[in-house]
Amino acid sequence: MLKSQSPSSNPRADGELCRNACGFYGNKIWDGFCSKCYREVYQQARHIQAAYDGKLSSTPDGSPTASIQSSPSFSNFQEKRRSNMNMRNPIRQMVNRAGSLRSTSNSVLSSLINDENALENEAASKHLDVMTTDDARLDIKSQVKSFANSFHKKCSNKNIHIDALIQEYALCKDTFKKRIQTNPIYRDENEDLILRVRDYLEKIVFSRDYAFIFNRIAIVCEDKDLSIQNRISSLHWITTHMLDTVLNENIPLAREAIYKAINSLIEIDSKTTPQGKIHSIMECKTYIEDAIRASSSSSGINADSFLPALIFIVLKAKPPRLHSNIQFLSQFSQPSGEQLYYLANLDSAVRFIELLQAQHLGLSSDDFSLYMRGEPVLPSKFVALFDSSLSNESNNEQSRKRFILYHELDHHCEKFDENLLDFNRHLTQTVTDVQELLNGTYARFPNFEKLPQLIDIDNNEQLEDLSTRIKHQKNINEILDQSTSENEQLPEPLAPEIVQQQTNNDS
């Protein structure tokens, strides 16, 4: 605080001078004192307090021998100072809030760093602890960390296409492979070091960047995923017999293995690393083999029995984003021989479902269309297809045609019965209406000659009497129309003559 020569030479907003009349301006925070007088008063008060504390400590029994009372001004000064410190200061609050936010962000950042370090240490202990030399282990860690940081920046950049990321990751794997094969620090390591480094690289990279990578693939394959999903939903009616597989859901062990295989196939989408997805596929393969063994007495499992069972599991599981997951594995995974074989089987099963037609299931095109539309089909049809004693395909085809004709005939018979009942109902209603109309006419015109009573079609006696009279009349007409030999000998009938009346003039 600067010194002023006179009170008017340095104006203040509050216009208050120091309470000690030293010529300086005072401050409310210092109880109206200037900084210089405040320090002097504070030092004096501190000396008095120290002297008082010294006298208390010098008393043998611990009780004070004399009481030093502080001045009222000093007491008021302390109370006001405490109240000023407790007052809300907006600037102080902003500073404190900024400090708390800074400390929170620092704590979050430090927690993320700690999580990354913990993940890196866990992955290293799982995949790299078996390495014999520390130099090789440190080199792998540094190289992987450097690539993971640069790859994370590229994944965060939305302008970089997914194909560029795929090439970058493939180039990194090739670089690591060549480095391990050529660098002398890896000379004493085991032969499976490349596979362990691959797993370590996947764990570090995809723990941070899986969402960035897979979401881009899913966006590109979205239409294909929806098409496969709808196709699988429309084929929900397919059974194990149609696919000619040995799976039997009625056996408890087989049914449990089938459910586990379905769950493993659904879990592929939830895994965040290529090896995790491959592991789910291999689990599904194991459960399918268990289901085949539980369903069939034969111990052998080959492609002819495994692939139809896998197709059935895919149809029942309806796994989400199946095409996206297969594309992700084909681009970012490096499976071994057995893993690659079963990944190819899964891709083949999806392609078979996409191209599935009636002849693949042993069905006619009409029955296949009925199933796809959700219309019922006679279950005995499948017994004739799979358990029939017919020997050749021509007999099977003939049996199918006969069944179709029988189905159509039954349909027409039902329609005919319905039309006949409808006609009978309308005819009865018509007869009733005519009878009511005649009765009303007879009531209005009593002298009107009544017509013969209408016949009740439900009265069998009236119907028989009517048919008898019709036949009798028909016989009379036939007798009259007959020409006999006696009729031919009769003379010709007389022709009428016109007699003219004669008048009187003629007479």
# chains A, B, ... in the order shown; residues from 1 in each chain; ligands from 1
>>> residues_around(residues="A:Asn302", least_positions_apart="2", cutoff="12 Å", atoms="only C-alpha atoms", output="MDAnalysis selection string")
chainID A and resid 245:246 288:289 292:293 298:300 304:309
>>> write_last_selection(atoms="all heavy atoms", output="short mmCIF file (atom, residue, chain, number, x, y, z; two decimals), in the first residue's frame")
data_model
loop_
_atom_site.label_atom_id
_atom_site.label_comp_id
_atom_site.auth_asym_id
_atom_site.auth_seq_id
_atom_site.Cartn_x
_atom_site.Cartn_y
_atom_site.Cartn_z
N THR A 245 -29.08 -83.63 -39.23
CA THR A 245 -28.06 -83.68 -38.18
C THR A 245 -28.48 -84.66 -37.10
O THR A 245 -29.68 -84.95 -36.93
CB THR A 245 -27.85 -82.29 -37.56
OG1 THR A 245 -26.88 -82.37 -36.52
CG2 THR A 245 -29.14 -81.73 -36.99
N VAL A 246 -27.50 -85.16 -36.35
CA VAL A 246 -27.78 -86.18 -35.34
C VAL A 246 -28.19 -85.58 -34.00
O VAL A 246 -28.46 -86.33 -33.06
CB VAL A 246 -26.54 -87.08 -35.14
CG1 VAL A 246 -26.19 -87.80 -36.43
CG2 VAL A 246 -25.36 -86.26 -34.63
N ILE A 288 -20.74 -78.21 -29.12
CA ILE A 288 -21.41 -78.92 -30.23
C ILE A 288 -20.92 -80.36 -30.30
O ILE A 288 -21.72 -81.29 -30.52
CB ILE A 288 -21.15 -78.17 -31.55
CG1 ILE A 288 -21.90 -76.84 -31.57
CG2 ILE A 288 -21.59 -79.01 -32.74
CD1 ILE A 288 -21.63 -75.99 -32.79
N GLU A 289 -19.64 -80.57 -30.13
CA GLU A 289 -19.12 -81.94 -30.14
C GLU A 289 -19.69 -82.75 -28.98
O GLU A 289 -20.02 -83.93 -29.14
CB GLU A 289 -17.59 -81.90 -30.07
CG GLU A 289 -16.94 -81.36 -31.34
CD GLU A 289 -15.43 -81.30 -31.22
OE1 GLU A 289 -14.92 -81.48 -30.08
OE2 GLU A 289 -14.76 -81.07 -32.24
N ILE A 292 -23.20 -83.74 -29.96
CA ILE A 292 -23.20 -84.82 -30.96
C ILE A 292 -22.91 -86.15 -30.28
O ILE A 292 -23.56 -87.17 -30.58
CB ILE A 292 -22.18 -84.51 -32.07
CG1 ILE A 292 -22.63 -83.29 -32.88
CG2 ILE A 292 -22.01 -85.72 -32.99
CD1 ILE A 292 -21.63 -82.83 -33.92
N ARG A 293 -21.96 -86.18 -29.38
CA ARG A 293 -21.65 -87.43 -28.68
C ARG A 293 -22.82 -87.90 -27.81
O ARG A 293 -23.08 -89.10 -27.72
CB ARG A 293 -20.40 -87.24 -27.81
CG ARG A 293 -19.12 -87.01 -28.60
CD ARG A 293 -17.92 -87.07 -27.69
NE ARG A 293 -16.70 -86.69 -28.39
CZ ARG A 293 -16.18 -85.47 -28.35
NH1 ARG A 293 -16.78 -84.51 -27.64
NH2 ARG A 293 -15.07 -85.18 -29.01
N SER A 298 -22.35 -93.24 -32.14
CA SER A 298 -21.08 -93.29 -32.86
C SER A 298 -20.14 -92.24 -32.30
O SER A 298 -20.53 -91.08 -32.07
CB SER A 298 -21.30 -93.03 -34.35
OG SER A 298 -21.90 -91.77 -34.55
N SER A 299 -18.92 -92.62 -32.05
CA SER A 299 -17.94 -91.72 -31.43
C SER A 299 -17.26 -90.78 -32.42
O SER A 299 -16.68 -89.78 -32.03
CB SER A 299 -16.86 -92.54 -30.71
OG SER A 299 -16.22 -93.40 -31.64
N GLY A 300 -17.33 -91.06 -33.71
CA GLY A 300 -16.63 -90.24 -34.68
C GLY A 300 -17.36 -88.95 -34.98
O GLY A 300 -18.58 -88.92 -35.14
N ASP A 304 -19.13 -83.75 -41.90
CA ASP A 304 -20.51 -84.03 -42.30
C ASP A 304 -21.47 -83.96 -41.12
O ASP A 304 -22.65 -83.65 -41.31
CB ASP A 304 -20.59 -85.40 -42.96
CG ASP A 304 -19.81 -85.45 -44.26
OD1 ASP A 304 -19.64 -84.38 -44.87
OD2 ASP A 304 -19.37 -86.54 -44.66
N SER A 305 -21.01 -84.25 -39.94
CA SER A 305 -21.87 -84.17 -38.76
C SER A 305 -21.73 -82.85 -38.01
O SER A 305 -22.68 -82.40 -37.37
CB SER A 305 -21.54 -85.32 -37.79
OG SER A 305 -20.18 -85.23 -37.36
N PHE A 306 -20.57 -82.19 -38.12
CA PHE A 306 -20.35 -80.95 -37.37
C PHE A 306 -21.01 -79.75 -38.04
O PHE A 306 -21.67 -78.94 -37.36
CB PHE A 306 -18.86 -80.69 -37.20
CG PHE A 306 -18.56 -79.42 -36.45
CD1 PHE A 306 -18.59 -79.38 -35.07
CD2 PHE A 306 -18.25 -78.25 -37.14
CE1 PHE A 306 -18.34 -78.21 -34.39
CE2 PHE A 306 -17.98 -77.08 -36.46
CZ PHE A 306 -18.02 -77.06 -35.08
N LEU A 307 -20.86 -79.61 -39.36
CA LEU A 307 -21.37 -78.41 -40.04
C LEU A 307 -22.90 -78.29 -39.96
O LEU A 307 -23.41 -77.20 -39.66
CB LEU A 307 -20.91 -78.39 -41.49
CG LEU A 307 -21.24 -77.13 -42.28
CD1 LEU A 307 -20.66 -75.90 -41.60
CD2 LEU A 307 -20.74 -77.24 -43.72
N PRO A 308 -23.69 -79.37 -40.19
CA PRO A 308 -25.15 -79.21 -39.99
C PRO A 308 -25.52 -78.84 -38.55
O PRO A 308 -26.45 -78.05 -38.33
CB PRO A 308 -25.70 -80.60 -40.37
CG PRO A 308 -24.68 -81.18 -41.27
CD PRO A 308 -23.37 -80.68 -40.76
N ALA A 309 -24.79 -79.39 -37.58
CA ALA A 309 -25.06 -79.03 -36.19
C ALA A 309 -24.73 -77.56 -35.93
O ALA A 309 -25.47 -76.86 -35.22
CB ALA A 309 -24.25 -79.92 -35.25
#
>>> select_by_dssp(residues="stretch 263-443 of chain A", states="helix (DSSP H, G or I)", output="PyMOL selection string")
chain A and resi 263-270+274-295+303-317+322-332+337-354+358-361+365-373+380-386+393-443
>>> residues_around(residues="A:Asp225", least_positions_apart="6", cutoff="7 Å", atoms="only C-alpha atoms", output="list of chain:residue names")
A:Arg321, A:Leu322, A:His323, A:Ser324
>>> write_last_selection(atoms="all heavy atoms", output="short mmCIF file (atom, residue, chain, number, x, y, z; two decimals), in the first residue's frame")
data_model
loop_
_atom_site.label_atom_id
_atom_site.label_comp_id
_atom_site.auth_asym_id
_atom_site.auth_seq_id
_atom_site.Cartn_x
_atom_site.Cartn_y
_atom_site.Cartn_z
N ARG A 321 -24.99 -58.97 -34.83
CA ARG A 321 -23.86 -58.44 -35.62
C ARG A 321 -22.87 -59.55 -36.00
O ARG A 321 -21.66 -59.40 -35.85
CB ARG A 321 -23.16 -57.33 -34.84
CG ARG A 321 -24.08 -56.16 -34.52
CD ARG A 321 -23.34 -54.98 -33.96
NE ARG A 321 -22.77 -55.23 -32.66
CZ ARG A 321 -22.18 -54.30 -31.91
NH1 ARG A 321 -22.08 -53.07 -32.35
NH2 ARG A 321 -21.69 -54.60 -30.73
N LEU A 322 -23.40 -60.64 -36.50
CA LEU A 322 -22.57 -61.80 -36.81
C LEU A 322 -21.60 -61.50 -37.95
O LEU A 322 -20.42 -61.85 -37.88
CB LEU A 322 -23.47 -62.98 -37.17
CG LEU A 322 -22.78 -64.32 -37.40
CD1 LEU A 322 -21.94 -64.72 -36.20
CD2 LEU A 322 -23.81 -65.40 -37.71
N HIS A 323 -22.09 -60.85 -39.00
CA HIS A 323 -21.21 -60.54 -40.13
C HIS A 323 -20.12 -59.55 -39.72
O HIS A 323 -18.96 -59.70 -40.16
CB HIS A 323 -22.05 -59.96 -41.28
CG HIS A 323 -21.27 -59.66 -42.51
ND1 HIS A 323 -20.74 -60.64 -43.33
CD2 HIS A 323 -20.89 -58.48 -43.06
CE1 HIS A 323 -20.10 -60.09 -44.34
NE2 HIS A 323 -20.16 -58.77 -44.20
N SER A 324 -20.45 -58.58 -38.90
CA SER A 324 -19.44 -57.60 -38.44
C SER A 324 -18.35 -58.29 -37.63
O SER A 324 -17.16 -57.97 -37.77
CB SER A 324 -20.10 -56.50 -37.62
OG SER A 324 -21.02 -55.77 -38.40
#
>>> residues_around(residues="A:Lys316", least_positions_apart="3", cutoff="10 Å", atoms="only C-alpha atoms", output="list of chain:residue names")
A:Ile232, A:Ser233, A:Leu235, A:His236, A:Trp237, A:Ile238, A:Thr239, A:Ile258, A:Tyr259, A:Ile262, A:Leu310, A:Ile311, A:Phe312, A:Ile313, A:Pro319
>>> write_last_selection(atoms="all heavy atoms", output="CSV table (one decimal), in the first residue's frame")
chain,number,residue,atom,x,y,z
A,232,ILE,N,-32.3,-65.3,-40.6
A,232,ILE,CA,-32.3,-66.3,-39.5
A,232,ILE,C,-33.6,-66.3,-38.8
A,232,ILE,O,-34.2,-67.4,-38.5
A,232,ILE,CB,-31.1,-66.0,-38.5
A,232,ILE,CG1,-29.8,-66.2,-39.2
A,232,ILE,CG2,-31.3,-66.9,-37.3
A,232,ILE,CD1,-28.6,-65.9,-38.3
A,233,SER,N,-34.2,-65.1,-38.6
A,233,SER,CA,-35.6,-65.1,-38.0
A,233,SER,C,-36.6,-65.8,-38.8
A,233,SER,O,-37.5,-66.4,-38.3
A,233,SER,CB,-35.9,-63.6,-37.7
A,233,SER,OG,-35.0,-63.0,-36.9
A,235,LEU,N,-36.2,-68.3,-40.7
A,235,LEU,CA,-35.9,-69.8,-40.7
A,235,LEU,C,-36.0,-70.4,-39.4
A,235,LEU,O,-35.4,-71.5,-39.1
A,235,LEU,CB,-34.5,-70.0,-41.4
A,235,LEU,CG,-34.4,-69.6,-42.8
A,235,LEU,CD1,-32.9,-69.7,-43.2
A,235,LEU,CD2,-35.3,-70.3,-43.8
A,236,HIS,N,-36.8,-69.8,-38.5
A,236,HIS,CA,-36.8,-70.4,-37.1
A,236,HIS,C,-37.5,-71.7,-37.0
A,236,HIS,O,-37.4,-72.4,-36.0
A,236,HIS,CB,-37.6,-69.4,-36.2
A,236,HIS,CG,-39.0,-69.2,-36.6
A,236,HIS,ND1,-40.0,-70.0,-36.1
A,236,HIS,CD2,-39.6,-68.3,-37.5
A,236,HIS,CE1,-41.2,-69.6,-36.7
A,236,HIS,NE2,-40.9,-68.6,-37.5
A,237,TRP,N,-38.2,-72.1,-38.1
A,237,TRP,CA,-39.0,-73.3,-38.1
A,237,TRP,C,-38.2,-74.6,-38.4
A,237,TRP,O,-38.7,-75.7,-38.4
A,237,TRP,CB,-40.2,-73.2,-39.1
A,237,TRP,CG,-39.7,-72.6,-40.4
A,237,TRP,CD1,-39.8,-71.3,-40.7
A,237,TRP,CD2,-39.2,-73.3,-41.5
A,237,TRP,NE1,-39.3,-71.1,-42.0
A,237,TRP,CE2,-39.0,-72.4,-42.5
A,237,TRP,CE3,-39.0,-74.7,-41.8
A,237,TRP,CZ2,-38.4,-72.7,-43.8
A,237,TRP,CZ3,-38.4,-75.0,-43.0
A,237,TRP,CH2,-38.2,-74.0,-44.0
A,238,ILE,N,-36.9,-74.4,-38.8
A,238,ILE,CA,-36.1,-75.5,-39.3
A,238,ILE,C,-35.8,-76.4,-38.1
A,238,ILE,O,-35.4,-75.9,-37.0
A,238,ILE,CB,-34.8,-75.0,-40.0
A,238,ILE,CG1,-35.2,-74.3,-41.3
A,238,ILE,CG2,-33.9,-76.1,-40.2
A,238,ILE,CD1,-34.0,-73.8,-42.0
A,239,THR,N,-35.9,-77.7,-38.3
A,239,THR,CA,-35.6,-78.7,-37.2
A,239,THR,C,-34.3,-79.4,-37.5
A,239,THR,O,-33.7,-79.3,-38.6
A,239,THR,CB,-36.8,-79.6,-37.1
A,239,THR,OG1,-36.9,-80.4,-38.3
A,239,THR,CG2,-38.1,-78.9,-36.7
A,258,ILE,N,-26.4,-78.1,-26.1
A,258,ILE,CA,-26.9,-77.2,-27.2
A,258,ILE,C,-27.1,-75.8,-26.6
A,258,ILE,O,-26.7,-74.8,-27.2
A,258,ILE,CB,-28.2,-77.8,-27.8
A,258,ILE,CG1,-27.9,-79.0,-28.6
A,258,ILE,CG2,-28.9,-76.7,-28.6
A,258,ILE,CD1,-29.1,-79.7,-29.1
A,259,TYR,N,-27.7,-75.7,-25.4
A,259,TYR,CA,-27.9,-74.4,-24.8
A,259,TYR,C,-26.5,-73.7,-24.5
A,259,TYR,O,-26.4,-72.5,-24.7
A,259,TYR,CB,-28.7,-74.5,-23.5
A,259,TYR,CG,-30.1,-74.9,-23.7
A,259,TYR,CD1,-30.8,-75.5,-22.7
A,259,TYR,CD2,-30.7,-74.8,-24.9
A,259,TYR,CE1,-32.2,-75.9,-22.9
A,259,TYR,CE2,-32.0,-75.1,-25.2
A,259,TYR,CZ,-32.8,-75.7,-24.1
A,259,TYR,OH,-34.1,-76.1,-24.3
A,262,ILE,N,-25.2,-72.3,-27.8
A,262,ILE,CA,-25.9,-71.1,-28.2
A,262,ILE,C,-25.4,-69.9,-27.4
A,262,ILE,O,-25.2,-68.8,-28.0
A,262,ILE,CB,-27.4,-71.3,-28.0
A,262,ILE,CG1,-28.0,-72.4,-29.0
A,262,ILE,CG2,-28.2,-70.0,-28.1
A,262,ILE,CD1,-29.4,-72.8,-28.7
A,310,LEU,N,-23.6,-77.1,-36.5
A,310,LEU,CA,-23.3,-75.6,-36.3
A,310,LEU,C,-24.3,-74.7,-37.0
A,310,LEU,O,-24.7,-73.7,-36.4
A,310,LEU,CB,-21.9,-75.4,-37.0
A,310,LEU,CG,-21.4,-73.9,-36.9
A,310,LEU,CD1,-21.3,-73.4,-35.5
A,310,LEU,CD2,-20.1,-73.8,-37.6
A,311,ILE,N,-24.9,-75.2,-38.2
A,311,ILE,CA,-25.9,-74.4,-38.8
A,311,ILE,C,-27.2,-74.3,-37.9
A,311,ILE,O,-27.8,-73.2,-37.8
A,311,ILE,CB,-26.3,-75.0,-40.2
A,311,ILE,CG1,-25.1,-74.9,-41.1
A,311,ILE,CG2,-27.5,-74.3,-40.8
A,311,ILE,CD1,-25.2,-75.6,-42.4
A,312,PHE,N,-27.5,-75.4,-37.3
A,312,PHE,CA,-28.7,-75.5,-36.4
A,312,PHE,C,-28.4,-74.5,-35.2
A,312,PHE,O,-29.3,-73.8,-34.8
A,312,PHE,CB,-28.9,-76.9,-36.0
A,312,PHE,CG,-30.1,-77.0,-35.0
A,312,PHE,CD1,-31.4,-76.9,-35.4
A,312,PHE,CD2,-29.8,-77.2,-33.6
A,312,PHE,CE1,-32.4,-77.1,-34.5
A,312,PHE,CE2,-30.9,-77.4,-32.7
A,312,PHE,CZ,-32.2,-77.3,-33.2
A,313,ILE,N,-27.2,-74.5,-34.6
A,313,ILE,CA,-26.9,-73.7,-33.5
A,313,ILE,C,-27.0,-72.2,-33.9
A,313,ILE,O,-27.5,-71.4,-33.1
A,313,ILE,CB,-25.5,-74.0,-32.9
A,313,ILE,CG1,-25.5,-75.4,-32.4
A,313,ILE,CG2,-25.1,-73.0,-31.8
A,313,ILE,CD1,-26.5,-75.7,-31.2
A,319,PRO,N,-27.2,-64.8,-33.3
A,319,PRO,CA,-26.2,-63.9,-32.7
A,319,PRO,C,-26.3,-62.5,-33.3
A,319,PRO,O,-26.4,-62.4,-34.5
A,319,PRO,CB,-24.9,-64.6,-32.9
A,319,PRO,CG,-25.1,-65.5,-34.1
A,319,PRO,CD,-26.5,-65.9,-34.1
>>> closest_residue(among="A:Asn215, A:Asn157, A:Thr182, A:Asn190", to="A:Met131", atoms="only C-alpha atoms")
A:Asn190
>>> closest_residue(among="A:Val431, A:Ala443, A:Ile29, A:Ala136", to="A:Glu189", atoms="only C-alpha atoms")
A:Ala136
>>> atom_distance(atom1="atom CA of A:Ile268", atom2="atom CA of A:Tyr341")
16.8 Å
>>> closest_residue(among="A:His411, A:Ile213, A:Leu343, A:Ile140", to="A:Ala164", atoms="only C-alpha atoms")
A:Ile213
>>> residues_around(residues="A:Thr175", least_positions_apart="2", cutoff="12 Å", atoms="only C-alpha atoms", output="PDB file with N, CA, C and O atoms, in the first residue's frame")
ATOM      1  N   ILE A 140       9.934 -55.240 -25.753  1.00  0.00           N
ATOM      2  CA  ILE A 140       8.569 -55.508 -26.220  1.00  0.00           C
ATOM      3  C   ILE A 140       7.599 -54.512 -25.606  1.00  0.00           C
ATOM      4  O   ILE A 140       6.721 -53.954 -26.291  1.00  0.00           O
ATOM      5  N   GLN A 143       8.058 -51.021 -27.271  1.00  0.00           N
ATOM      6  CA  GLN A 143       7.584 -50.998 -28.651  1.00  0.00           C
ATOM      7  C   GLN A 143       6.059 -51.049 -28.725  1.00  0.00           C
ATOM      8  O   GLN A 143       5.429 -50.326 -29.494  1.00  0.00           O
ATOM      9  N   VAL A 144       5.460 -51.922 -27.908  1.00  0.00           N
ATOM     10  CA  VAL A 144       3.997 -52.039 -27.915  1.00  0.00           C
ATOM     11  C   VAL A 144       3.351 -50.766 -27.398  1.00  0.00           C
ATOM     12  O   VAL A 144       2.346 -50.292 -27.947  1.00  0.00           O
ATOM     13  N   PHE A 147       3.558 -48.043 -30.113  1.00  0.00           N
ATOM     14  CA  PHE A 147       2.582 -48.250 -31.189  1.00  0.00           C
ATOM     15  C   PHE A 147       1.156 -48.024 -30.692  1.00  0.00           C
ATOM     16  O   PHE A 147       0.320 -47.453 -31.418  1.00  0.00           O
ATOM     17  N   GLU A 168      -2.370 -50.423 -40.981  1.00  0.00           N
ATOM     18  CA  GLU A 168      -1.424 -50.027 -39.936  1.00  0.00           C
ATOM     19  C   GLU A 168      -1.222 -51.156 -38.927  1.00  0.00           C
ATOM     20  O   GLU A 168      -0.090 -51.457 -38.521  1.00  0.00           O
ATOM     21  N   TYR A 169      -2.307 -51.812 -38.542  1.00  0.00           N
ATOM     22  CA  TYR A 169      -2.198 -52.891 -37.559  1.00  0.00           C
ATOM     23  C   TYR A 169      -1.488 -54.111 -38.160  1.00  0.00           C
ATOM     24  O   TYR A 169      -0.664 -54.744 -37.483  1.00  0.00           O
ATOM     25  N   ALA A 170      -1.785 -54.431 -39.405  1.00  0.00           N
ATOM     26  CA  ALA A 170      -1.107 -55.560 -40.057  1.00  0.00           C
ATOM     27  C   ALA A 170       0.378 -55.290 -40.219  1.00  0.00           C
ATOM     28  O   ALA A 170       1.221 -56.184 -40.019  1.00  0.00           O
ATOM     29  N   LEU A 171       0.736 -54.055 -40.560  1.00  0.00           N
ATOM     30  CA  LEU A 171       2.147 -53.690 -40.697  1.00  0.00           C
ATOM     31  C   LEU A 171       2.858 -53.796 -39.351  1.00  0.00           C
ATOM     32  O   LEU A 171       4.021 -54.237 -39.283  1.00  0.00           O
ATOM     33  N   CYS A 172       2.173 -53.417 -38.279  1.00  0.00           N
ATOM     34  CA  CYS A 172       2.780 -53.519 -36.950  1.00  0.00           C
ATOM     35  C   CYS A 172       3.061 -54.979 -36.594  1.00  0.00           C
ATOM     36  O   CYS A 172       4.133 -55.297 -36.064  1.00  0.00           O
ATOM     37  N   LYS A 173       2.128 -55.881 -36.871  1.00  0.00           N
ATOM     38  CA  LYS A 173       2.358 -57.286 -36.561  1.00  0.00           C
ATOM     39  C   LYS A 173       3.524 -57.855 -37.358  1.00  0.00           C
ATOM     40  O   LYS A 173       4.346 -58.616 -36.819  1.00  0.00           O
ATOM     41  N   LYS A 177       7.094 -59.283 -35.821  1.00  0.00           N
ATOM     42  CA  LYS A 177       7.555 -60.624 -36.189  1.00  0.00           C
ATOM     43  C   LYS A 177       8.987 -60.594 -36.713  1.00  0.00           C
ATOM     44  O   LYS A 177       9.845 -61.405 -36.319  1.00  0.00           O
ATOM     45  N   LYS A 178       9.276 -59.630 -37.594  1.00  0.00           N
ATOM     46  CA  LYS A 178      10.637 -59.515 -38.123  1.00  0.00           C
ATOM     47  C   LYS A 178      11.621 -59.104 -37.031  1.00  0.00           C
ATOM     48  O   LYS A 178      12.767 -59.581 -37.004  1.00  0.00           O
ATOM     49  N   ARG A 179      11.176 -58.231 -36.120  1.00  0.00           N
ATOM     50  CA  ARG A 179      12.070 -57.778 -35.049  1.00  0.00           C
ATOM     51  C   ARG A 179      12.449 -58.946 -34.141  1.00  0.00           C
ATOM     52  O   ARG A 179      13.610 -59.073 -33.711  1.00  0.00           O
ATOM     53  N   ILE A 180      11.482 -59.782 -33.823  1.00  0.00           N
ATOM     54  CA  ILE A 180      11.766 -60.937 -32.959  1.00  0.00           C
ATOM     55  C   ILE A 180      12.681 -61.932 -33.660  1.00  0.00           C
ATOM     56  O   ILE A 180      13.565 -62.541 -33.030  1.00  0.00           O
ATOM     57  N   GLN A 181      12.511 -62.072 -34.968  1.00  0.00           N
ATOM     58  CA  GLN A 181      13.327 -63.043 -35.704  1.00  0.00           C
ATOM     59  C   GLN A 181      14.749 -62.557 -35.970  1.00  0.00           C
ATOM     60  O   GLN A 181      15.667 -63.372 -36.110  1.00  0.00           O
ATOM     61  N   THR A 182      14.964 -61.242 -36.026  1.00  0.00           N
ATOM     62  CA  THR A 182      16.278 -60.712 -36.407  1.00  0.00           C
ATOM     63  C   THR A 182      17.067 -60.106 -35.250  1.00  0.00           C
ATOM     64  O   THR A 182      18.299 -60.091 -35.287  1.00  0.00           O
ATOM     65  N   ASN A 183      16.387 -59.610 -34.222  1.00  0.00           N
ATOM     66  CA  ASN A 183      17.095 -58.934 -33.128  1.00  0.00           C
ATOM     67  C   ASN A 183      17.773 -59.979 -32.237  1.00  0.00           C
ATOM     68  O   ASN A 183      17.155 -60.956 -31.818  1.00  0.00           O
ATOM     69  N   ILE A 194       6.264 -65.233 -30.579  1.00  0.00           N
ATOM     70  CA  ILE A 194       5.494 -64.410 -31.522  1.00  0.00           C
ATOM     71  C   ILE A 194       4.011 -64.450 -31.162  1.00  0.00           C
ATOM     72  O   ILE A 194       3.314 -63.417 -31.181  1.00  0.00           O
ATOM     73  N   VAL A 197       3.475 -62.392 -27.947  1.00  0.00           N
ATOM     74  CA  VAL A 197       3.563 -60.955 -28.237  1.00  0.00           C
ATOM     75  C   VAL A 197       2.304 -60.494 -28.970  1.00  0.00           C
ATOM     76  O   VAL A 197       1.792 -59.394 -28.728  1.00  0.00           O
ATOM     77  N   ARG A 198       1.767 -61.343 -29.850  1.00  0.00           N
ATOM     78  CA  ARG A 198       0.517 -61.005 -30.544  1.00  0.00           C
ATOM     79  C   ARG A 198      -0.626 -60.831 -29.549  1.00  0.00           C
ATOM     80  O   ARG A 198      -1.394 -59.859 -29.624  1.00  0.00           O
TER      81      ARG A 198
END
